[in-house]
Structures are given as structure tokens and as C-alpha cells.
file run.cif (mmCIF, C-alpha atoms)
data_structure
loop_
_atom_site.label_atom_id
_atom_site.label_comp_id
_atom_site.auth_asym_id
_atom_site.auth_seq_id
_atom_site.Cartn_x
_atom_site.Cartn_y
_atom_site.Cartn_z
CA ASP A 1 10.89 -100.07 -96.27
CA ALA A 2 12.41 -98.41 -93.23
CA VAL A 3 15.88 -98.98 -94.59
CA THR A 4 14.93 -97.70 -98.03
CA GLY A 5 13.45 -94.56 -96.49
CA SER A 6 16.59 -93.94 -94.49
CA LEU A 7 18.97 -94.59 -97.34
CA GLY A 8 16.94 -92.65 -99.87
CA ASN A 9 18.51 -92.96 -103.25
CA ALA A 10 21.88 -92.43 -104.84
CA SER A 11 20.99 -88.99 -106.19
CA SER A 12 19.89 -87.65 -102.81
CA ILE A 13 23.11 -88.80 -101.18
CA THR A 14 25.10 -87.29 -104.03
CA ASP A 15 23.20 -83.99 -103.76
CA ALA A 16 24.00 -83.75 -100.07
CA ILE A 17 27.68 -84.42 -100.67
CA ASN A 18 27.82 -82.02 -103.61
CA SER A 19 26.40 -79.31 -101.37
CA VAL A 20 29.37 -79.73 -99.05
CA VAL A 21 31.70 -79.77 -102.08
CA ASN A 22 30.29 -76.50 -103.42
CA ASN A 23 30.59 -74.78 -100.04
CA ALA A 24 34.18 -75.94 -99.66
CA SER A 25 35.03 -74.85 -103.18
CA ALA A 26 33.57 -71.39 -102.60
CA THR A 27 35.62 -71.02 -99.42
CA ILE A 28 38.79 -72.05 -101.23
CA THR A 29 38.39 -69.77 -104.25
CA SER A 30 37.51 -66.75 -102.08
CA MET A 31 40.96 -66.75 -100.51
CA SER A 32 42.82 -65.18 -103.45
CA GLY A 33 44.30 -68.51 -104.52
CA ALA A 34 45.98 -69.25 -101.20
CA LEU A 35 44.67 -72.02 -98.98
CA ALA A 36 45.42 -70.91 -95.44
CA ASP A 37 45.77 -73.26 -92.52
CA SER A 38 42.22 -72.64 -91.37
CA ALA A 39 40.87 -73.49 -94.83
CA ALA A 40 42.81 -76.78 -94.92
CA ILE A 41 41.32 -77.71 -91.57
CA ALA A 42 37.84 -76.72 -92.74
CA VAL A 43 38.08 -78.87 -95.87
CA ALA A 44 39.36 -81.88 -93.94
CA GLY A 45 36.63 -81.35 -91.37
CA ALA A 46 33.98 -81.27 -94.09
CA LEU A 47 35.32 -84.57 -95.43
CA ASN A 48 35.12 -85.99 -91.92
CA GLN A 49 31.47 -84.94 -91.64
CA THR A 50 30.69 -86.46 -95.02
CA LEU A 51 32.25 -89.76 -93.96
CA THR A 52 30.27 -89.69 -90.73
CA ALA A 53 27.03 -89.37 -92.71
CA LEU A 54 28.09 -92.20 -94.99
CA GLY A 55 28.88 -94.35 -91.97
CA ALA A 56 25.40 -93.74 -90.58
CA GLN A 57 23.86 -94.98 -93.84
CA ALA A 58 26.06 -98.07 -93.66
CA ASP A 59 24.88 -98.69 -90.09
CA THR A 60 21.27 -98.64 -91.28
CA PHE A 61 22.08 -101.07 -94.08
CA MET A 62 23.81 -103.42 -91.66
CA ALA A 63 20.81 -103.35 -89.32
CA ALA A 64 18.56 -104.37 -92.21
CA CYS A 65 20.91 -107.23 -93.05
CA GLU A 66 20.80 -108.35 -89.41
CA GLN A 67 17.01 -108.47 -89.58
CA GLU A 68 17.11 -110.47 -92.80
CA LYS A 69 19.59 -112.93 -91.32
CA ASP A 70 17.61 -113.37 -88.10
CA SER A 71 14.38 -113.91 -90.02
CA LEU A 72 15.95 -116.49 -92.33
CA LEU A 73 17.58 -118.48 -89.55
CA ALA A 74 14.47 -118.34 -87.36
CA GLN A 75 12.40 -119.90 -90.13
CA MET A 76 15.08 -122.49 -90.86
CA ASN A 77 15.33 -123.49 -87.20
CA LYS A 78 11.56 -123.77 -86.82
CA THR A 79 11.48 -126.39 -89.54
CA LYS A 80 11.99 -130.01 -88.59
CA ALA A 81 15.41 -131.46 -89.37
CA ASP A 82 14.31 -132.54 -92.81
CA ALA A 83 16.43 -131.60 -95.81
CA ALA A 84 13.49 -131.10 -98.17
CA ALA A 85 11.60 -128.85 -95.76
CA ARG A 86 14.64 -126.75 -94.96
CA LEU A 87 15.62 -126.58 -98.61
CA ALA A 88 12.23 -125.21 -99.62
CA ILE A 89 12.61 -122.35 -97.16
CA LEU A 90 16.22 -121.74 -98.11
CA GLU A 91 15.48 -121.57 -101.82
CA ALA A 92 12.66 -119.05 -101.42
CA LYS A 93 14.11 -116.89 -98.65
CA ALA A 94 17.76 -116.81 -99.67
CA ILE A 95 16.98 -115.48 -103.13
CA ALA A 96 14.72 -112.81 -101.62
CA VAL A 97 17.38 -111.82 -99.07
CA VAL A 98 20.05 -111.32 -101.74
CA ASN A 99 17.75 -109.52 -104.14
CA ASP A 100 16.54 -107.14 -101.42
CA ALA A 101 20.02 -106.35 -100.12
CA LEU A 102 22.02 -105.76 -103.28
CA PRO A 103 20.26 -102.57 -104.47
CA LYS A 104 20.93 -101.00 -101.06
CA TRP A 105 24.56 -102.07 -101.27
CA ASP A 106 24.79 -100.47 -104.72
CA LEU A 107 23.56 -97.17 -103.24
CA ILE A 108 26.32 -97.22 -100.67
CA SER A 109 28.93 -97.99 -103.33
CA ALA A 110 27.68 -95.00 -105.35
CA ALA A 111 27.84 -92.78 -102.28
CA VAL A 112 31.49 -93.74 -101.74
CA VAL A 113 32.31 -92.29 -105.17
CA SER A 114 30.35 -89.13 -104.43
CA SER A 115 32.11 -88.68 -101.10
CA ALA A 116 35.49 -88.69 -102.83
CA SER A 117 34.50 -85.66 -104.91
CA LEU A 118 34.97 -83.42 -101.86
CA ALA A 119 38.60 -84.43 -101.56
CA SER A 120 39.11 -83.95 -105.30
CA VAL A 121 37.72 -80.38 -105.23
CA ALA A 122 40.00 -79.41 -102.35
CA LEU A 123 43.09 -80.96 -103.92
CA ASP A 124 42.47 -79.52 -107.38
CA SER A 125 41.96 -76.05 -105.88
CA VAL A 126 45.42 -76.00 -104.30
CA GLY A 127 47.28 -77.42 -107.28
CA LEU A 128 47.42 -81.01 -106.06
CA SER A 129 45.55 -82.52 -108.99
CA GLU A 130 47.93 -85.47 -109.11
CA LEU A 131 46.69 -86.56 -105.69
CA SER A 132 43.11 -86.17 -106.85
CA ALA A 133 43.80 -88.39 -109.87
CA LYS A 134 45.57 -90.92 -107.66
CA LEU A 135 42.60 -91.07 -105.29
CA ASN A 136 40.18 -91.62 -108.15
CA THR A 137 42.35 -94.42 -109.54
CA SER A 138 42.58 -96.10 -106.14
CA LEU A 139 38.84 -95.83 -105.53
CA THR A 140 38.08 -97.21 -108.97
CA ALA A 141 40.15 -100.28 -108.13
CA ALA A 142 38.49 -100.61 -104.71
CA LEU A 143 35.00 -100.32 -106.15
CA ALA A 144 35.84 -103.00 -108.71
CA GLU A 145 36.14 -105.38 -105.76
CA ALA A 146 32.82 -104.15 -104.40
CA ASN A 147 31.22 -104.83 -107.78
CA SER A 148 32.85 -108.27 -107.91
CA MET A 149 31.33 -109.02 -104.52
CA THR A 150 27.94 -108.04 -105.91
CA VAL A 151 28.47 -110.44 -108.81
CA SER A 152 29.37 -113.24 -106.37
CA LEU A 153 26.19 -112.70 -104.37
CA ARG A 154 24.12 -112.64 -107.55
CA ASN A 155 25.74 -115.95 -108.44
CA VAL A 156 24.65 -117.29 -105.06
CA SER A 157 21.08 -116.24 -105.84
CA GLY A 158 21.33 -118.09 -109.15
CA LEU A 159 22.65 -121.21 -107.47
CA PHE A 160 19.63 -121.29 -105.16
CA ALA A 161 17.16 -121.05 -108.05
CA ASN A 162 15.34 -124.39 -108.51
CA ILE A 163 17.83 -126.08 -106.19
CA SER A 164 15.04 -128.13 -104.60
CA ASN A 165 14.59 -129.99 -107.89
CA LEU A 166 18.09 -131.46 -107.81
CA ALA A 167 18.85 -135.07 -106.98
CA GLU A 168 20.61 -135.67 -103.68
CA GLN A 169 24.12 -136.05 -105.10
CA GLU A 170 23.79 -132.97 -107.27
CA LEU A 171 22.21 -131.08 -104.39
CA SER A 172 25.21 -131.74 -102.18
CA LYS A 173 27.54 -130.42 -104.88
CA GLN A 174 25.38 -127.33 -105.41
CA LEU A 175 25.33 -126.51 -101.71
CA ALA A 176 29.11 -126.88 -101.58
CA LEU A 177 29.37 -124.46 -104.51
CA VAL A 178 27.13 -122.01 -102.64
CA GLN A 179 29.50 -122.13 -99.67
CA ASP A 180 32.50 -121.59 -101.95
CA THR A 181 30.86 -118.60 -103.61
CA LEU A 182 29.89 -117.07 -100.27
CA GLN A 183 33.46 -117.31 -99.07
CA THR A 184 34.63 -115.62 -102.27
CA ALA A 185 32.15 -112.79 -101.69
CA LEU A 186 33.46 -112.25 -98.17
CA GLU A 187 37.06 -112.22 -99.36
CA LEU A 188 36.17 -109.58 -101.95
CA ALA A 189 34.50 -107.49 -99.25
CA ASP A 190 37.73 -107.76 -97.25
CA ILE A 191 39.79 -106.49 -100.19
CA PHE A 192 37.34 -103.66 -100.82
CA ALA A 193 37.51 -102.47 -97.21
CA ARG A 194 41.30 -102.50 -97.09
CA ASN A 195 41.68 -100.76 -100.46
CA LEU A 196 39.14 -98.09 -99.50
CA SER A 197 40.95 -97.39 -96.25
CA MET A 198 44.36 -97.31 -97.96
CA ALA A 199 43.13 -95.00 -100.72
CA PHE A 200 42.06 -92.31 -98.27
CA GLY A 201 44.99 -93.03 -95.96
CA ASP A 202 47.52 -92.41 -98.72
CA LEU A 203 45.63 -89.28 -99.75
CA THR A 204 45.59 -87.69 -96.33
CA ASP A 205 49.26 -88.46 -95.66
CA GLU A 206 50.43 -86.89 -98.92
CA ALA A 207 47.98 -83.99 -98.81
CA ALA A 208 48.92 -83.00 -95.28
CA ALA A 209 52.62 -83.05 -96.11
CA LYS A 210 52.32 -81.08 -99.35
CA ILE A 211 49.88 -78.48 -98.01
CA ALA A 212 52.09 -77.84 -94.99
CA ALA A 213 55.19 -77.56 -97.19
CA THR A 214 53.84 -75.35 -99.98
CA ILE A 215 51.32 -72.94 -98.43
CA PRO A 216 52.72 -69.96 -96.51
CA GLY A 217 51.51 -69.72 -92.95
CA ALA A 218 50.14 -73.24 -92.83
CA ASN A 219 50.16 -74.83 -89.40
CA ALA A 220 51.65 -78.28 -90.06
CA THR A 221 50.75 -79.62 -86.64
CA SER A 222 47.09 -78.66 -86.97
CA ILE A 223 46.88 -80.03 -90.51
CA ASP A 224 48.42 -83.35 -89.46
CA ALA A 225 46.01 -83.63 -86.54
CA ILE A 226 42.89 -82.99 -88.58
CA PHE A 227 43.94 -85.37 -91.36
CA ASP A 228 44.81 -88.03 -88.77
CA ALA A 229 41.22 -87.72 -87.56
CA VAL A 230 40.05 -88.26 -91.14
CA ASP A 231 42.20 -91.42 -91.35
CA GLU A 232 40.52 -92.78 -88.24
CA LYS A 233 37.08 -91.99 -89.61
CA VAL A 234 37.86 -93.64 -92.95
CA ALA A 235 38.91 -96.87 -91.20
CA GLU A 236 35.74 -96.82 -89.12
CA VAL A 237 33.47 -96.18 -92.11
CA ALA A 238 35.21 -98.81 -94.25
CA ALA A 239 34.46 -101.42 -91.61
CA LYS A 240 30.84 -100.28 -91.35
CA ILE A 241 30.31 -100.38 -95.10
CA VAL A 242 31.25 -104.06 -95.34
CA SER A 243 29.55 -105.14 -92.12
CA GLY A 244 26.25 -105.61 -93.97
CA PRO A 245 27.71 -108.01 -96.53
CA GLU A 246 29.47 -109.85 -93.71
CA VAL A 247 26.13 -110.40 -91.97
CA LEU A 248 24.49 -111.52 -95.22
CA VAL A 249 27.24 -114.00 -95.99
CA SER A 250 27.31 -115.48 -92.50
CA GLY A 251 23.52 -115.85 -92.43
CA LEU A 252 23.31 -117.50 -95.83
CA SER A 253 26.23 -119.78 -94.98
CA GLU A 254 24.66 -120.87 -91.71
CA ALA A 255 21.29 -121.50 -93.37
CA THR A 256 22.97 -123.53 -96.10
CA GLY A 257 24.77 -125.53 -93.44
CA LEU A 258 21.45 -126.40 -91.80
CA VAL A 259 20.34 -128.03 -95.06
CA GLU A 260 23.66 -129.84 -95.42
CA ASP A 261 23.34 -131.18 -91.87
CA ALA A 262 19.91 -132.61 -92.70
CA LEU A 263 21.15 -134.56 -95.73
CA PRO A 264 21.56 -138.34 -95.20
CA GLN A 265 25.37 -138.10 -95.54
CA GLY A 266 25.48 -134.97 -93.40
CA ARG A 267 27.98 -132.19 -93.85
CA SER A 268 31.49 -133.14 -94.89
CA SER A 269 34.47 -132.17 -92.75
CA ALA A 270 35.58 -129.89 -95.56
CA HIS A 271 32.32 -127.97 -95.33
CA ARG A 272 32.63 -127.66 -91.56
CA VAL A 273 36.10 -126.22 -91.97
CA GLN A 274 34.78 -123.87 -94.64
CA ASN A 275 32.03 -122.54 -92.37
CA PHE A 276 34.63 -121.95 -89.68
CA ALA A 277 36.77 -120.11 -92.23
CA ILE A 278 33.89 -117.79 -93.13
CA ALA A 279 33.35 -116.91 -89.47
CA ALA A 280 37.08 -116.44 -88.90
CA LEU A 281 37.47 -114.25 -91.99
CA SER A 282 34.59 -112.07 -90.87
CA THR A 283 36.34 -111.48 -87.53
CA LEU A 284 39.68 -110.89 -89.20
CA LEU A 285 38.14 -108.34 -91.56
CA GLY A 286 37.08 -106.13 -88.69
CA MET A 287 40.51 -106.40 -87.07
CA MET A 288 42.38 -105.56 -90.28
CA VAL A 289 40.21 -102.58 -91.22
CA PHE A 290 40.51 -101.08 -87.76
CA GLY A 291 44.25 -101.85 -87.70
CA LEU A 292 44.05 -103.97 -84.54
#
call {"tool": "encode", "arguments": {"input": "run.cif", "output": "C-alpha cells"}}
result
Amino acid sequence: DAVTGSLGNASSITDAINSVVNNASATITSMSGALADSAAIAVAGALNQTLTALGAQADTFMAACEQEKDSLLAQMNKTKADAAARLAILEAKAIAVVNDALPKWDLISAAVVSSASLASVALDSVGLSELSAKLNTSLTAALAEANSMTVSLRNVSGLFANISNLAEQELSKQLALVQDTLQTALELADIFARNLSMAFGDLTDEAAAKIAATIPGANATSIDAIFDAVDEKVAEVAAKIVSGPEVLVSGLSEATGLVEDALPQGRSSAHRVQNFAIAALSTLLGMMVFGL
């Protein structure tokens, strides 16, 4: 409830962003068709503020995912090392965790699209519509990965449904499939984060160069500096946006592993390697998005 109250809904986030867009557009059009250096800096600064607000929402989402993960693992660890007992908790809680998290993730994905409208207004207003179209194309591709990740997590929820009714051999296969699907979801989150960061990175590089070259009186040094700051903010926000899914995946994977460990045959070496891969990929994701 606290997270829902903080996130609000997609329309409220969009309204807030559109307010910034309208203010920026009014500033641009009031300058007799010429975007001066100060206006370029103001527009880039507004985009930076919008990204900061989006990052704060992503932080709240991640905190909620942390709570869900901690609650799930606490209940799993309280249960005796019995596969049936752990499986009953996993089936009920894992489905609830996924179903609670995905609508909040969808709100953030929608807000990413709304945030891009600010950049589009600024670019269109100074005759750089081709960059606006390029950004929209890049973000569409990035969000396709975000949607694919959502599909993967919904598939995980489906795999958990009625899993306690499976015979032991089929159960082991189903749990392995859960781990495979979780790893796929994390890989898709990785692609989404990198594509989001590259989309804005390409935009700011080209926009800074073209604005400085085509607008009389533009201060190229100042424009480069402010757009560099936007690049840094984009990388930071991209990492924050996917941190929630990372936490969800790691928690569900660990809980699934606790059931696998309680099975008579235990967890196969392949599954142990897979769990390590999920943890390693989560770490690598943060390093790649931040450019470390």
C-alpha cells in the first residue's frame, strides 16, 4: 500500500511530466524561433529533473521488492527442511510476489515513455525531429525487452501454479524450468537497462553537437556539460529501474533453490551453477549500466 501510494498511477506520473514539457515548450516558442544557449541548458536541466523524479519512483519500487524478498525467504527458512512444506509456501507466496510486483513495474515502464516526451518537444522545436524519431524508435525497442521480462515473470507465476501436485520427478523438472525462466527474465532486464541508457546517450551526444553547431550564440561548452550531466543521470536511473526486478529474481531463485535442496536427490550441480550465474549476472548488470 505504501508503495502504491508513492507510485500513484501512470496518469499522475504522465501529468507531472507533461507539465514540465508544456513549460519547456512555452519557453522555446517564446524566443522567436531561436533556441539560445540558456534555453538549451534549461531544457536539458528539466529533463534531468524529470529523470531524478523517475529514479525516486524506481527506488520506492525496489524497496518494496526487497520487502517481498525478505518476507518470502524468512518464511521459507522458518520451515523445516522438508520439500513439501517449503513447496507449499513457495507456491502460495511466489505467485503473490510476482502478481503484486508486475503492475508497479508496468507503471514505471509507462513513465519511461512519458519522460521521453520532454526530449521530443525540445528537439522538435529546434528542427531536430529526426533525433526525436530516433529516440522514440530506440525506446520502443528497449521497452519491448521490458515487456518481454514481464512475460517471463508471468510465466514463472504460471509455473508455480499447482506445482505442489506434481510427482517428484516432474517437480524437479518444473523447478529447473523456473530457474531457467528467472535467468531469462534477468537477462532481459539487462538488455532493457543497456538499451535505455544507450538511447538517451545517443540522443544527448547528437543533440548537443547539432544545437551548438546550428544555433547562433550557443555556448558549446555549457551545452556539452549539461548534456553530460543528463547522460550520468540516465545511467543512474536505468540501473535503479531494473534493481527491483533484480531483487525479485534473486529472491525467487533462492526460494526455489531451498525447495530443490530439500528434495531427496538434492539440487543438481547444473542448478547450483545456474544460481551462481543469476547472482553474477545481477552484479554485472549494475557494473555495465554504470559503465564501471
call {"tool": "resolve_selection", "arguments": {"input": "run.cif", "expression": "the PyMOL selection byres ((chain A and resi 82-91) around 9)", "output": "count of residues only"}}
result
28
call {"tool": "axis_aligned_box", "arguments": {"input": "run.cif", "around": "range 168-182 of chain A", "padding_each_side": "8 Å", "output": "JSON"}}
result
{"center_x": 26.6, "center_y": -126.6, "center_z": -103.5, "size_x": 27.9, "size_y": 35.0, "size_z": 23.6}
call {"tool": "atom_distance", "arguments": {"input": "run.cif", "atom1": "CA of Ala119 in chain A", "atom2": "CA of Gly201 in chain A"}}
result
12.1 Å
call {"tool": "closest_residue", "arguments": {"input": "run.cif", "among": "A:Lys104, A:Arg154, A:Lys134, A:Lys78", "to": "Met198 in chain A", "atoms": "all atoms listed in the file"}}
result
A:Lys134
call {"tool": "closest_residue", "arguments": {"input": "run.cif", "among": "A:Thr150, A:Gln169, A:Thr221, A:Thr204", "to": "Leu186 in chain A", "atoms": "only C-alpha atoms"}}
result
A:Thr150
call {"tool": "closest_residue", "arguments": {"input": "run.cif", "among": "A:Pro245, A:Ser120, A:Ile41, A:Ala142", "to": "Ala208 in chain A", "atoms": "only C-alpha atoms"}}
result
A:Ile41
call {"tool": "atom_distance", "arguments": {"input": "run.cif", "atom1": "CA of Met62 in chain A", "atom2": "CA of Ala239 in chain A"}}
result
10.8 Å
call {"tool": "atom_distance", "arguments": {"input": "run.cif", "atom1": "CA of Ala185 in chain A", "atom2": "CA of Gln67 in chain A"}}
result
19.9 Å
call {"tool": "resolve_selection", "arguments": {"input": "run.cif", "expression": "the PyMOL selection byres ((chain A and resi 66) around 10)", "output": "MDAnalysis selection string"}}
result
chainID A and resid 60:65 67:72 243:248 251
call {"tool": "closest_atom_pairs", "arguments": {"input": "run.cif", "of": "range 218-248 of chain A", "to": "range 42-59 of chain A", "cutoff": "6 Å", "atoms": "only C-alpha atoms", "output": "CSV"}}
result
residue,atom,partner,partner_atom,distance
A:Val230,CA,A:Asn48,CA,5.5
A:Val237,CA,A:Gly55,CA,4.9
A:Lys240,CA,A:Ala58,CA,5.8
A:Ile241,CA,A:Ala58,CA,5.0
call {"tool": "closest_residue", "arguments": {"input": "run.cif", "among": "A:Gly257, A:Ser109, A:Ala218, A:Ala101", "to": "Leu175 in chain A", "atoms": "all atoms listed in the file"}}
result
A:Gly257
call {"tool": "closest_residue", "arguments": {"input": "run.cif", "among": "A:Ser222, A:Ala116, A:Gly127, A:Ser132", "to": "Val234 in chain A", "atoms": "only C-alpha atoms"}}
result
A:Ala116
call {"tool": "closest_residue", "arguments": {"input": "run.cif", "among": "A:Val249, A:Leu177, A:Leu131, A:Ala193", "to": "Val98 in chain A", "atoms": "all atoms listed in the file"}}
result
A:Val249
call {"tool": "residues_near_point", "arguments": {"input": "run.cif", "point": "(31.6, -111.5, -108.2)", "cutoff": "12 Å", "atoms": "only C-alpha atoms", "output": "list of chain:residue names"}}
result
A:Leu143, A:Ala144, A:Glu145, A:Ala146, A:Asn147, A:Ser148, A:Met149, A:Thr150, A:Val151, A:Ser152, A:Leu153, A:Arg154, A:Asn155, A:Val156, A:Ser157, A:Asp180, A:Thr181, A:Leu182, A:Gln183, A:Thr184, A:Ala185, A:Leu186, A:Glu187, A:Leu188, A:Ala189
call {"tool": "write_last_selection", "arguments": {"input": "run.cif", "atoms": "C-alpha atoms", "output": "PDB file, in the coordinates of the input"}}
result
ATOM      1  CA  LEU A 143      35.000-100.320-106.150  1.00  0.00           C
ATOM      2  CA  ALA A 144      35.840-103.000-108.710  1.00  0.00           C
ATOM      3  CA  GLU A 145      36.140-105.380-105.760  1.00  0.00           C
ATOM      4  CA  ALA A 146      32.820-104.150-104.400  1.00  0.00           C
ATOM      5  CA  ASN A 147      31.220-104.830-107.780  1.00  0.00           C
ATOM      6  CA  SER A 148      32.850-108.270-107.910  1.00  0.00           C
ATOM      7  CA  MET A 149      31.330-109.020-104.520  1.00  0.00           C
ATOM      8  CA  THR A 150      27.940-108.040-105.910  1.00  0.00           C
ATOM      9  CA  VAL A 151      28.470-110.440-108.810  1.00  0.00           C
ATOM     10  CA  SER A 152      29.370-113.240-106.370  1.00  0.00           C
ATOM     11  CA  LEU A 153      26.190-112.700-104.370  1.00  0.00           C
ATOM     12  CA  ARG A 154      24.120-112.640-107.550  1.00  0.00           C
ATOM     13  CA  ASN A 155      25.740-115.950-108.440  1.00  0.00           C
ATOM     14  CA  VAL A 156      24.650-117.290-105.060  1.00  0.00           C
ATOM     15  CA  SER A 157      21.080-116.240-105.840  1.00  0.00           C
ATOM     16  CA  ASP A 180      32.500-121.590-101.950  1.00  0.00           C
ATOM     17  CA  THR A 181      30.860-118.600-103.610  1.00  0.00           C
ATOM     18  CA  LEU A 182      29.890-117.070-100.270  1.00  0.00           C
ATOM     19  CA  GLN A 183      33.460-117.310 -99.070  1.00  0.00           C
ATOM     20  CA  THR A 184      34.630-115.620-102.270  1.00  0.00           C
ATOM     21  CA  ALA A 185      32.150-112.790-101.690  1.00  0.00           C
ATOM     22  CA  LEU A 186      33.460-112.250 -98.170  1.00  0.00           C
ATOM     23  CA  GLU A 187      37.060-112.220 -99.360  1.00  0.00           C
ATOM     24  CA  LEU A 188      36.170-109.580-101.950  1.00  0.00           C
ATOM     25  CA  ALA A 189      34.500-107.490 -99.250  1.00  0.00           C
TER      26      ALA A 189
END
call {"tool": "decode", "arguments": {"input": "run.cif", "residues": "range 133-152 of chain A", "atoms": "C-alpha atoms", "output": "mmCIF file, in the first residue's frame"}}
result
data_model
loop_
_atom_site.group_PDB
_atom_site.id
_atom_site.type_symbol
_atom_site.label_atom_id
_atom_site.label_comp_id
_atom_site.auth_asym_id
_atom_site.auth_seq_id
_atom_site.Cartn_x
_atom_site.Cartn_y
_atom_site.Cartn_z
ATOM 1 C CA ALA A 133 12.043 9.987 -34.058
ATOM 2 C CA LYS A 134 15.280 8.108 -33.421
ATOM 3 C CA LEU A 135 14.792 8.345 -29.659
ATOM 4 C CA ASN A 136 11.235 7.046 -29.909
ATOM 5 C CA THR A 137 12.386 4.123 -32.056
ATOM 6 C CA SER A 138 15.172 3.258 -29.610
ATOM 7 C CA LEU A 139 12.868 3.471 -26.599
ATOM 8 C CA THR A 140 10.261 1.313 -28.317
ATOM 9 C CA ALA A 141 12.903 -1.381 -28.784
ATOM 10 C CA ALA A 142 14.087 -1.019 -25.180
ATOM 11 C CA LEU A 143 10.570 -1.242 -23.789
ATOM 12 C CA ALA A 144 9.962 -4.378 -25.839
ATOM 13 C CA GLU A 145 12.617 -6.019 -23.672
ATOM 14 C CA ALA A 146 10.934 -4.680 -20.547
ATOM 15 C CA ASN A 147 7.645 -6.187 -21.723
ATOM 16 C CA SER A 148 9.380 -9.474 -22.518
ATOM 17 C CA MET A 149 10.734 -9.527 -18.981
ATOM 18 C CA THR A 150 7.185 -9.050 -17.712
ATOM 19 C CA VAL A 151 6.071 -12.013 -19.816
ATOM 20 C CA SER A 152 8.892 -14.142 -18.380
#
